[in-house]
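Report on one structure; see the data block that follows.
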Amino acid sequence: MDKLKCLLATVFIALIAGLAFIYSGFYPMGADVPHNPLSYWALETLRERSIARAAAEIRVPADLNQAERLLAGGADYNDMCAGCHLQPGKQQSDFSLGLYPVPPNLTQAETDEEDATAEARIRFWIIKHGIKASGMPAWGPSHDDDRIWNMVAFLQRLPELSPEQYQILTARAESDTEQH
Amino acid sequence: MNKANLSLSLLCLSLSALLSLPAQAHDPKEHMKDGHKPNCAAMKDMDHSKMDMTDPLVQAMMRKCTQQMHAEHAAAGDIREEQGQRQKQEETEPQPQPEPEHKHKH
């Protein structure tokens, strides 16, 4: 019984201490001060687990690797994503330097051997829903699923593009509208 | 204005605001004004022997450059046609006669 009382008291004190810390305003919220390792681990794990669970049931279209999708997705990537996630031949931007957490450089191939289908699901979910408190917006409210899949298709090929290939694929010239 | 009319107006206003939301989505045409042409000349410098024509990436680049080429040819054709029409018009239109000179001076 004494042990239970002691445990409850510890939990209560920890709760009060946590609340006191939150209300104290001592936690640095500036994007130029990194999280402490514990906060970083907790937030990153929370993000990764949440997205993996939410994206698990998404059905990936079979025709993802198609020229039409690459052209449509490339132009949208250049307009909407390249500012933060960079483009071939560019190592940094104002956004990639200033945002915290640092947006991933999508022109570099993933180092871990993640299943391509799982990666496509996760990318689709992130583009559609965004990520809280990270600077990543939800594009779902203004872009339909097919358009988001086009961007996912482009992302799969982005790491292998040279700056010249990227320029051709992402150019949004007037000839695009004449053909449709 | 009575209460029912006011409510109806507010409802219509809300509905029209909701219906106008998709129009605010990012439309590719918005970017046409600051769109840049594909630099297809760079393709000439690429190693064509390493290009796999069945690769969707290569197909996409070829398609983009073909579209661009057609658009440029069409634009050049339009200009030539316009020039031809103007020339023809100038040839068929009667030349304005020079005004007869007045003999007396003011």
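Going through the structure tokens in order, the chains are called A, B, and so on, while each chain numbers its residues from 1 and the ligands are numbered from 1 in the order shown.
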
- request: Taking the DSSP assignment computed from this structure's backbone, write out as an MDAnalysis selection string all residues of chain A that belong to alpha helix (DSSP H).
  value: chainID A and resid 2:24 37:55 67:80 82:85 94:98 116:129 145:157 163:170 175:179

Which residues of chain B have any atom within 6 Å of an atom in chain A when counting only C-alpha atoms, and what is the closest pair of atoms for each, with the distance in Å to one decimal? Order the rows by chain and rising number and write it as a tab-separated table.
residue	atom	partner	partner_atom	distance
B:Ala25	CA	A:Ser142	CA	4.6
B:Gly35	CA	A:Arg172	CA	5.0
B:His36	CA	A:Ala171	CA	5.6
B:Lys37	CA	A:Ala173	CA	4.9
B:Pro38	CA	A:Ile168	CA	4.5
B:Asn39	CA	A:Ile168	CA	5.9
B:Pro56	CA	A:Ala67	CA	4.6
B:Gln59	CA	A:Ala67	CA	6.0
B:Ala60	CA	A:Ala67	CA	4.5
B:Met61	CA	A:Leu169	CA	5.9
B:Gln68	CA	A:Ser175	CA	5.8
B:Ala71	CA	A:Ser175	CA	5.6

message: Just want the 9 Å neighbourhood of Ser134 of chain A, counted on only C-alpha atoms, with same-chain residues fewer than 4 positions away dropped. Output as a PyMOL selection string.
response: chain A and resi 99-103+130

Got time to write the residues from that selection, N, CA and C atoms, as a PDB file, in the first residue's frame?
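Below you can see selection34.pdb, which holds the result:
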ATOM      1  N   LEU A  99      14.241  26.395 -41.754  1.00  0.00           N
ATOM      2  CA  LEU A  99      13.170  25.602 -41.147  1.00  0.00           C
ATOM      3  C   LEU A  99      13.732  24.596 -40.143  1.00  0.00           C
ATOM      4  N   TYR A 100      12.940  24.344 -39.110  1.00  0.00           N
ATOM      5  CA  TYR A 100      13.299  23.306 -38.142  1.00  0.00           C
ATOM      6  C   TYR A 100      12.046  22.527 -37.762  1.00  0.00           C
ATOM      7  N   PRO A 101      12.027  21.219 -37.917  1.00  0.00           N
ATOM      8  CA  PRO A 101      13.101  20.372 -38.399  1.00  0.00           C
ATOM      9  C   PRO A 101      13.462  20.656 -39.857  1.00  0.00           C
ATOM     10  N   VAL A 102      14.710  20.403 -40.211  1.00  0.00           N
ATOM     11  CA  VAL A 102      15.200  20.674 -41.560  1.00  0.00           C
ATOM     12  C   VAL A 102      14.429  19.813 -42.556  1.00  0.00           C
ATOM     13  N   PRO A 103      13.854  20.440 -43.617  1.00  0.00           N
ATOM     14  CA  PRO A 103      13.115  19.632 -44.607  1.00  0.00           C
ATOM     15  C   PRO A 103      14.067  18.655 -45.302  1.00  0.00           C
ATOM     16  N   GLY A 130       0.029  16.846 -44.797  1.00  0.00           N
ATOM     17  CA  GLY A 130       0.995  17.734 -44.159  1.00  0.00           C
ATOM     18  C   GLY A 130       1.465  17.181 -42.819  1.00  0.00           C
TER      19      GLY A 130
END

message: So that I can check the surroundings of Ser39 of chain A, please list as a list in words every protein, DNA and RNA residue that reaches within 12 Å of it, counting only C-alpha atoms and ignoring chain neighbours fewer than 5 positions away.
response: Tyr27, Pro28, Pro34, Glu44, Thr45 and Leu46 of chain A

task: Between atom CA of Asp32 of chain A and atom CA of Phe95 of chain A, measure the distance and give it in Å to one decimal.
output: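 Distance between the two atoms: 12.2 Å.
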